[in-house]
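S.K.: This is the content of start-v1.txt (compact mmCIF, C-alpha atoms and all ligand atoms):
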# COMPACT_ATOMS: atom_id res chain seq x y z
CA MET G 1 0.00 0.00 0.00
CA SER G 2 1.25 3.49 -0.84
CA ASP G 3 -0.18 6.93 -1.51
CA ARG G 4 -0.72 6.10 -5.15
CA THR G 5 -2.46 2.79 -4.38
CA THR G 6 -4.82 4.41 -1.84
CA LEU G 7 -8.42 4.38 -3.04
CA ARG G 8 -9.98 7.83 -3.18
CA ARG G 9 -13.25 7.23 -5.05
CA VAL G 10 -15.69 5.12 -2.97
CA PRO G 11 -12.92 4.19 -0.50
CA ASP G 12 -15.31 1.92 1.45
CA ARG G 13 -14.88 -0.54 -1.40
CA ALA G 14 -11.19 -0.87 -0.58
CA VAL G 15 -10.13 -4.32 0.62
CA THR G 16 -6.84 -4.31 2.47
CA ASP G 17 -6.87 -7.93 3.62
CA ARG G 18 -3.85 -9.54 1.97
CA ASP G 19 -5.55 -12.96 1.80
CA ALA G 20 -8.38 -11.42 -0.22
CA ILE G 21 -5.86 -9.81 -2.56
CA ASP G 22 -4.04 -13.13 -2.99
CA ALA G 23 -7.36 -14.90 -3.67
CA VAL G 24 -8.17 -12.51 -6.54
CA LEU G 25 -4.69 -12.89 -8.01
CA ASP G 26 -4.94 -16.68 -7.71
CA GLU G 27 -8.39 -16.86 -9.31
CA GLY G 28 -7.59 -14.55 -12.24
CA LEU G 29 -6.28 -15.97 -15.49
CA MET G 30 -5.18 -12.82 -17.24
CA ALA G 31 -3.63 -9.51 -16.24
CA HIS G 32 -3.57 -6.22 -18.09
CA VAL G 33 -0.03 -4.89 -17.90
CA GLY G 34 0.47 -1.19 -18.54
CA LEU G 35 3.56 0.94 -18.99
CA VAL G 36 4.79 3.93 -20.95
CA ALA G 37 6.61 2.62 -24.02
CA GLY G 38 9.06 4.51 -26.20
CA GLU G 39 10.99 7.63 -25.38
CA GLY G 40 10.59 11.39 -25.68
CA ASP G 41 7.97 12.55 -28.18
CA GLY G 42 7.43 8.94 -29.25
CA SER G 43 6.49 7.71 -25.77
CA HIS G 44 2.94 6.54 -25.16
CA PRO G 45 1.00 4.42 -22.67
CA VAL G 46 0.23 0.85 -23.69
CA VAL G 47 -1.75 -1.83 -21.85
CA ILE G 48 -1.23 -5.44 -22.93
CA PRO G 49 -3.13 -8.58 -21.81
CA MET G 50 -0.83 -11.25 -20.40
CA LEU G 51 -0.72 -14.44 -18.41
CA TYR G 52 0.77 -14.04 -14.93
CA ALA G 53 1.28 -16.03 -11.75
CA ARG G 54 1.50 -15.17 -8.06
CA ASP G 55 4.16 -16.79 -5.92
CA GLY G 56 3.94 -15.59 -2.32
CA ASP G 57 4.66 -11.89 -2.36
CA VAL G 58 5.58 -11.57 -6.04
CA LEU G 59 4.06 -11.83 -9.50
CA TYR G 60 5.76 -13.39 -12.52
CA LEU G 61 5.34 -12.28 -16.13
CA HIS G 62 6.91 -14.08 -19.05
CA GLY G 63 7.18 -14.03 -22.81
CA SER G 64 9.45 -13.76 -25.79
CA PRO G 65 12.69 -11.77 -25.37
CA ALA G 66 11.42 -9.88 -28.45
CA SER G 67 8.35 -8.62 -26.57
CA ARG G 68 8.40 -4.84 -26.48
CA LEU G 69 6.57 -4.80 -23.19
CA LEU G 70 9.02 -7.15 -21.48
CA ARG G 71 12.05 -5.40 -23.03
CA THR G 72 10.76 -2.05 -21.80
CA ALA G 73 9.83 -3.27 -18.32
CA LYS G 74 13.16 -4.98 -17.67
CA LYS G 75 14.95 -1.70 -18.40
CA GLY G 76 13.34 -0.38 -15.23
CA VAL G 77 10.27 1.37 -16.65
CA GLU G 78 7.51 1.11 -14.04
CA VAL G 79 4.59 -1.20 -14.73
CA CYS G 80 1.00 -1.29 -13.54
CA VAL G 81 -0.61 -4.74 -13.48
CA THR G 82 -4.40 -5.04 -13.14
CA VAL G 83 -6.40 -8.23 -12.57
CA THR G 84 -10.20 -7.99 -12.67
CA LEU G 85 -12.79 -10.62 -11.81
CA LEU G 86 -16.32 -9.85 -12.93
CA ASP G 87 -18.93 -11.36 -10.59
CA ALA G 88 -22.28 -9.93 -11.70
CA LEU G 89 -24.12 -7.31 -13.70
CA VAL G 90 -26.15 -5.13 -11.35
CA LEU G 91 -29.50 -4.03 -12.82
CA ALA G 92 -31.09 -1.06 -11.08
CA ARG G 93 -34.30 0.86 -11.72
CA SER G 94 -32.44 3.78 -13.31
CA GLY G 95 -29.64 3.66 -15.83
CA LEU G 96 -27.29 5.63 -13.62
CA HIS G 97 -27.48 3.10 -10.79
CA HIS G 98 -26.66 0.11 -12.99
CA SER G 99 -23.33 -1.29 -11.92
CA MET G 100 -21.13 -4.39 -11.83
CA ASN G 101 -20.00 -6.57 -8.97
CA TYR G 102 -16.29 -7.14 -9.25
CA ARG G 103 -13.06 -7.82 -7.43
CA SER G 104 -9.98 -6.13 -8.86
CA VAL G 105 -6.37 -5.70 -7.87
CA VAL G 106 -3.87 -3.11 -9.10
CA VAL G 107 -0.14 -3.65 -8.56
CA MET G 108 2.47 -0.99 -9.29
CA GLY G 109 6.23 -1.22 -9.29
CA THR G 110 9.39 -2.01 -11.16
CA ALA G 111 9.81 -5.52 -12.49
CA THR G 112 13.23 -7.14 -12.74
CA GLU G 113 14.44 -10.01 -14.89
CA ILE G 114 15.07 -13.42 -13.35
CA THR G 115 18.41 -14.68 -14.68
CA ASP G 116 19.20 -17.49 -12.24
CA ARG G 117 18.37 -20.74 -14.06
CA ASP G 118 16.74 -22.56 -11.14
CA ALA G 119 14.69 -19.53 -10.13
CA LYS G 120 13.59 -19.12 -13.75
CA VAL G 121 12.52 -22.76 -14.06
CA ALA G 122 10.57 -22.48 -10.80
CA ALA G 123 8.85 -19.33 -12.06
CA LEU G 124 7.99 -20.96 -15.40
CA ASP G 125 6.50 -23.96 -13.55
CA ARG G 126 4.53 -21.57 -11.37
CA LEU G 127 3.17 -19.83 -14.49
CA VAL G 128 1.93 -23.18 -15.81
CA ASP G 129 0.50 -24.21 -12.44
CA HIS G 130 -1.24 -20.86 -11.91
CA THR G 131 -3.33 -21.51 -14.99
CA ILE G 132 -3.70 -25.27 -14.58
CA PRO G 133 -2.90 -26.36 -11.01
CA GLY G 134 -0.75 -29.50 -10.92
CA ARG G 135 0.11 -29.34 -14.63
CA SER G 136 3.88 -28.77 -14.43
CA ALA G 137 4.39 -32.16 -12.75
CA GLN G 138 2.54 -33.88 -15.63
CA ILE G 139 4.60 -32.52 -18.54
CA ARG G 140 8.24 -32.81 -19.60
CA PRO G 141 10.73 -30.36 -18.07
CA ALA G 142 11.53 -27.29 -20.15
CA HIS G 143 14.50 -27.64 -22.53
CA ASP G 144 17.47 -25.30 -22.06
CA ILE G 145 16.68 -23.55 -25.32
CA GLU G 146 13.14 -22.88 -24.05
CA ILE G 147 14.46 -21.51 -20.77
CA THR G 148 17.06 -19.24 -22.36
CA GLY G 149 14.56 -18.25 -25.05
CA THR G 150 12.04 -16.91 -22.55
CA THR G 151 12.17 -13.71 -20.54
CA VAL G 152 10.75 -13.96 -17.02
CA LEU G 153 10.13 -10.87 -14.91
CA ILE G 154 9.38 -10.68 -11.19
CA LEU G 155 7.31 -7.90 -9.59
CA SER G 156 6.83 -7.35 -5.86
CA LEU G 157 3.32 -7.08 -4.42
CA ASP G 158 4.54 -4.41 -1.98
CA GLU G 159 2.53 -1.70 -3.70
CA CYS G 160 -0.96 -2.98 -4.46
CA SER G 161 -4.62 -2.22 -3.87
CA MET G 162 -7.90 -4.07 -4.08
CA LYS G 163 -11.38 -2.76 -4.73
CA ALA G 164 -14.58 -4.81 -4.68
CA ARG G 165 -18.28 -4.23 -5.15
CA THR G 166 -20.78 -6.74 -3.81
CA GLY G 167 -24.52 -6.79 -3.24
CA GLY G 168 -27.57 -5.68 -5.14
CA PRO G 169 -28.56 -2.45 -6.86
CA VAL G 170 -28.67 0.76 -4.84
CA ASP G 171 -31.73 2.58 -6.16
CA ASP G 172 -32.98 6.01 -5.21
CA ALA G 173 -35.83 5.66 -2.69
CA GLU G 174 -38.33 7.29 -5.04
CA ASP G 175 -37.55 4.70 -7.74
CA LEU G 176 -38.31 1.63 -5.64
CA ASP G 177 -41.92 1.51 -6.87
CA GLU G 178 -40.84 1.61 -10.54
CA PRO G 179 -42.08 -1.50 -12.39
CA SER G 180 -38.68 -2.34 -13.96
CA TRP G 181 -36.97 -5.58 -12.91
CA ALA G 182 -33.93 -5.08 -10.70
CA GLY G 183 -31.35 -7.51 -9.38
CA LEU G 184 -28.21 -9.35 -10.41
CA ILE G 185 -27.10 -11.36 -13.44
CA PRO G 186 -24.25 -13.48 -12.00
CA LEU G 187 -21.21 -13.87 -14.27
CA GLY G 188 -18.26 -16.24 -14.15
CA VAL G 189 -15.72 -18.23 -16.11
CA ALA G 190 -17.56 -20.91 -18.10
CA VAL G 191 -15.80 -24.27 -17.89
CA GLY G 192 -16.72 -26.77 -20.60
CA GLU G 193 -15.88 -30.43 -21.24
CA PRO G 194 -12.17 -31.04 -22.00
CA LEU G 195 -11.58 -31.72 -25.73
CA PRO G 196 -8.60 -34.11 -26.25
CA ASP G 197 -6.41 -33.73 -29.31
CA GLU G 198 -5.87 -36.74 -31.60
CA GLY G 199 -2.93 -38.08 -29.60
CA SER G 200 -4.91 -38.04 -26.34
CA ALA G 201 -8.24 -39.25 -27.76
CA ASP G 202 -7.91 -42.74 -26.22
CA ASP G 203 -6.33 -41.63 -22.94
CA PRO G 204 -8.26 -41.16 -19.71
CA VAL G 205 -8.66 -37.50 -18.83
CA PRO G 206 -6.29 -36.82 -15.89
CA GLY G 207 -7.66 -35.37 -12.69
CA HIS G 208 -5.97 -31.97 -13.07
CA VAL G 209 -7.83 -31.58 -16.39
CA ALA G 210 -11.16 -33.18 -15.45
CA PHE G 211 -11.44 -31.25 -12.20
CA TRP G 212 -9.85 -27.96 -13.34
CA SER G 213 -11.66 -25.19 -11.53
CA ARG G 214 -11.48 -21.48 -11.10
CA GLY G 215 -12.80 -20.39 -7.76
CA PRO G 216 -16.19 -19.06 -6.78
CA GLY G 217 -16.81 -17.36 -10.14
CA GLN G 218 -16.93 -20.64 -12.04
CA VAL G 219 -19.92 -21.51 -14.24
CA ASN G 220 -19.74 -25.26 -14.75
CA GLY G 221 -20.80 -26.31 -18.25
CA ARG G 222 -19.56 -29.88 -17.89
CA ALA G 223 -21.83 -32.85 -18.28
CA GLY G 224 -22.88 -34.63 -15.08
C1 LIG P 1 -5.13 -13.85 -22.67
C2 LIG P 1 -3.78 -13.48 -23.22
C3 LIG P 1 -2.64 -13.91 -22.57
C4 LIG P 1 -1.38 -13.59 -23.08
N1 LIG P 1 -0.28 -13.98 -22.38
C5 LIG P 1 0.94 -13.56 -22.78
C6 LIG P 1 2.09 -13.86 -21.99
O1 LIG P 1 2.03 -14.46 -20.93
N2 LIG P 1 3.28 -13.43 -22.45
C7 LIG P 1 3.41 -12.73 -23.62
O2 LIG P 1 4.53 -12.35 -23.98
N3 LIG P 1 2.33 -12.43 -24.37
C8 LIG P 1 1.10 -12.83 -23.98
N4 LIG P 1 0.00 -12.51 -24.74
C9 LIG P 1 0.20 -11.75 -25.98
C10 LIG P 1 0.39 -10.28 -25.60
O3 LIG P 1 -0.89 -9.68 -25.44
C11 LIG P 1 1.17 -9.46 -26.67
O4 LIG P 1 0.51 -9.57 -27.91
C12 LIG P 1 2.59 -9.96 -26.82
O5 LIG P 1 3.20 -10.13 -25.56
C13 LIG P 1 3.43 -8.97 -27.62
O6 LIG P 1 3.70 -7.86 -26.80
P1 LIG P 1 4.55 -6.67 -27.35
O7 LIG P 1 4.67 -5.64 -26.27
O8 LIG P 1 5.83 -7.17 -27.94
O9 LIG P 1 3.58 -6.19 -28.49
P2 LIG P 1 3.89 -5.42 -29.84
O10 LIG P 1 3.60 -6.34 -30.96
O11 LIG P 1 5.21 -4.71 -29.80
O12 LIG P 1 2.74 -4.31 -29.74
C14 LIG P 1 2.55 -3.37 -30.78
C15 LIG P 1 1.10 -3.04 -30.82
O13 LIG P 1 0.37 -4.19 -31.19
C16 LIG P 1 -0.88 -4.18 -30.55
N5 LIG P 1 -1.03 -5.40 -29.71
C17 LIG P 1 -0.09 -6.12 -29.09
N6 LIG P 1 -0.65 -7.15 -28.40
C18 LIG P 1 -1.98 -7.06 -28.61
C19 LIG P 1 -3.07 -7.84 -28.17
N7 LIG P 1 -2.93 -8.91 -27.34
N8 LIG P 1 -4.30 -7.46 -28.57
C20 LIG P 1 -4.47 -6.40 -29.38
N9 LIG P 1 -3.47 -5.63 -29.83
C21 LIG P 1 -2.23 -5.96 -29.43
C22 LIG P 1 -0.96 -2.93 -29.70
O14 LIG P 1 -1.58 -1.91 -30.44
C23 LIG P 1 0.51 -2.60 -29.47
O15 LIG P 1 0.74 -1.23 -29.20
C24 LIG P 1 -1.27 -12.81 -24.26
C25 LIG P 1 -2.42 -12.38 -24.90
C26 LIG P 1 -3.66 -12.68 -24.39
C27 LIG P 1 -4.90 -12.15 -25.07
What is this file in structure tokens?
Ligand SMILES: Cc1cc2nc3c(=O)[nH]c(=O)nc-3n(C[C@H](O)[C@H](O)[C@H](O)COP(=O)(O)OP(=O)(O)OC[C@H]3O[C@@H](n4cnc5c(N)ncnc54)[C@H](O)[C@@H]3O)c2cc1C
M.R.:
Amino acid sequence: MSDRTTLRRVPDRAVTDRDAIDAVLDEGLMAHVGLVAGEGDGSHPVVIPMLYARDGDVLYLHGSPASRLLRTAKKGVEVCVTVTLLDALVLARSGLHHSMNYRSVVVMGTATEITDRDAKVAALDRLVDHTIPGRSAQIRPAHDIEITGTTVLILSLDECSMKARTGGPVDDAEDLDEPSWAGLIPLGVAVGEPLPDEGSADDPVPGHVAFWSRGPGQVNGRAG
């Protein structure tokens, strides 16, 4: 927490509990990573969607060494990483009071490159396991060329904030007798049946695939 990660608008929606922050980061699949790219007159903000993983008090980002975002960030340009979970559409009796229920986390700081081989392999495994828990133990280890050919950045969670909205619509008192329907449309990540590729068509679906889940926001579209 810092001055620039202190909520000013609707501060009662701030969540400072670190476990709650970790839970959002662990449930999310994708982050939006922002920074100012370029220099001088050519500099401009850019926000790029990326995979990420939390490991204790840090986040990992990874990608091709050719990635402009990673090349810029590892030079020491500050990044802002945002993870948002959408929980519901909130339908009120007036357009202005429509809203969304959400949990979101913003992390700011300077990311650094992981160069130590073992630390890099651990971070790459964590990135796989963040998305599909238990997966890294079920696949072959990364080849050296894959490890050297991937940039991995680490970002501290020291400077982060969380904001959340829960509950139903907040209508003006004089609107409560309006005939329009009000309430919530819950939203979540839809999880369908796993679809094996040709090489796995005759194999049993392993547990980490069959029972893949994504926290409270999951909408289960699997059979049975
Ligand atoms: C869900 C998701 C997860 C991803 N995970 C990763 C990851 O973990 N690591 C990784 O390196 N990349 C990931 N990508 C791809 C990533 O978004 C970038 O396209 C890629 O990293 C190249 O970044 P760059 O800074 O080199 O882009 P550049 O190609 O240099 O960007 C130039 C311009 O291209 C456009 N652009 C770039 N990316 C996108 C995009 N995704 N959508 C629309 N326009 C775009 C923008 O206008 C940008 O200013 C992911 C994308 C998605 C959607």
S.K.: Would you work out the distance separating atom O6 of ligand LIG 1 (chain P) from atom CA of Ala23 of chain G, expressed in Å to one decimal?
M.R.: 26.6 Å
S.K.: Hey, which of G:Gly167, G:Gly192, G:Pro179, G:Gly199 ends up closest to Asp87 of chain G? Count all atoms listed in the file.
M.R.: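 The shortest atom-to-atom distance to Asp87 of chain G comes from G:Gly167.
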S.K.: List as a ChimeraX atom specification the protein and nucleic acid residues lying within 12 Å of ligand LIG 1 (chain P), with all atoms listed in the file counted.
M.R.: /G:28-38,43-53,59-73,83,124,127-128,130-131,149-153
S.K.: Could you give me, as a PyMOL selection string, the residues within 9 Å of Pro194 of chain G, counting all atoms listed in the file and dropping anything in the same chain fewer than 2 positions from it?
M.R.: chain G and resi 191-192+196+205+209-210+222
S.K.: Take the residues just selected and output them with C-alpha atoms as an mmCIF file, in the coordinates of the input.
M.R.:
data_model
loop_
_atom_site.group_PDB
_atom_site.id
_atom_site.type_symbol
_atom_site.label_atom_id
_atom_site.label_comp_id
_atom_site.auth_asym_id
_atom_site.auth_seq_id
_atom_site.Cartn_x
_atom_site.Cartn_y
_atom_site.Cartn_z
ATOM 1 C CA VAL G 191 -15.800 -24.270 -17.890
ATOM 2 C CA GLY G 192 -16.720 -26.770 -20.600
ATOM 3 C CA PRO G 196 -8.600 -34.110 -26.250
ATOM 4 C CA VAL G 205 -8.660 -37.500 -18.830
ATOM 5 C CA VAL G 209 -7.830 -31.580 -16.390
ATOM 6 C CA ALA G 210 -11.160 -33.180 -15.450
ATOM 7 C CA ARG G 222 -19.560 -29.880 -17.890
#
S.K.: Using only C-alpha atoms, pick whichever of G:Thr115, G:Thr5, G:Ser213, G:Ser99 has the shortest atom-to-atom distance to Gly183 of chain G.
M.R.: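 The closest residue to Gly183 of chain G is G:Ser99.
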S.K.: Between atom CA of Trp212 of chain G and atom CA of Ile139 of chain G, what is the distance in Å, rounded to a tenth?
M.R.: 16.0 Å
S.K.: So which residues touch Arg117 of chain G within 8 Å, counting all atoms listed in the file, skipping near sequence neighbours fewer than 3 positions away, as a list in words?
M.R.: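 So the residues in contact are Lys120, Val121 and Ile147 of chain G.
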S.K.: Any idea what the distance is between atom CA of Gly134 of chain G and atom CA of Lys163 of chain G?
M.R.: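 Atom CA of Lys163 of chain G lies at a distance of 29.4 Å from atom CA of Gly134 of chain G.
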S.K.: Taking only C-alpha atoms into account, produce a table as a tab-separated table in which each residue of segment 152-201 of chain G with an atom at most 7 Å from an atom of segment 102-108 of chain G appears once, together with its shortest atom pair and the distance in Å to one decimal, ordered by chain and rising number.
M.R.:
residue	atom	partner	partner_atom	distance
G:Leu157	CA	G:Val107	CA	6.4
G:Glu159	CA	G:Met108	CA	5.6
G:Cys160	CA	G:Val107	CA	4.2
G:Ser161	CA	G:Val106	CA	5.4
G:Met162	CA	G:Val105	CA	4.4
G:Lys163	CA	G:Ser104	CA	5.5
G:Ala164	CA	G:Arg103	CA	4.4
G:Arg165	CA	G:Tyr102	CA	5.4
S.K.: Which residue out of G:Ala201, G:Ser2, G:Gly56, G:Glu113 has the minimum interatomic distance to Asp19 of chain G when all atoms listed in the file are used?
M.R.: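 Looking only at the distances to Asp19 of chain G, the closest residue turns out to be G:Gly56.
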S.K.: For each of G:Val81, G:Ile154, G:Leu91, G:Ala111, take the minimum atom-to-atom distance to Ser180 of chain G, counting all atoms listed in the file, then give the residue where this is smallest.
M.R.: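 The answer is G:Leu91, which sits nearest to Ser180 of chain G.
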S.K.: In terms of the shortest atom-to-atom distance over only C-alpha atoms, which of G:Pro133, G:Ile21, G:Ala190, G:Gly109 is closest to Lys74 of chain G?
M.R.: G:Gly109
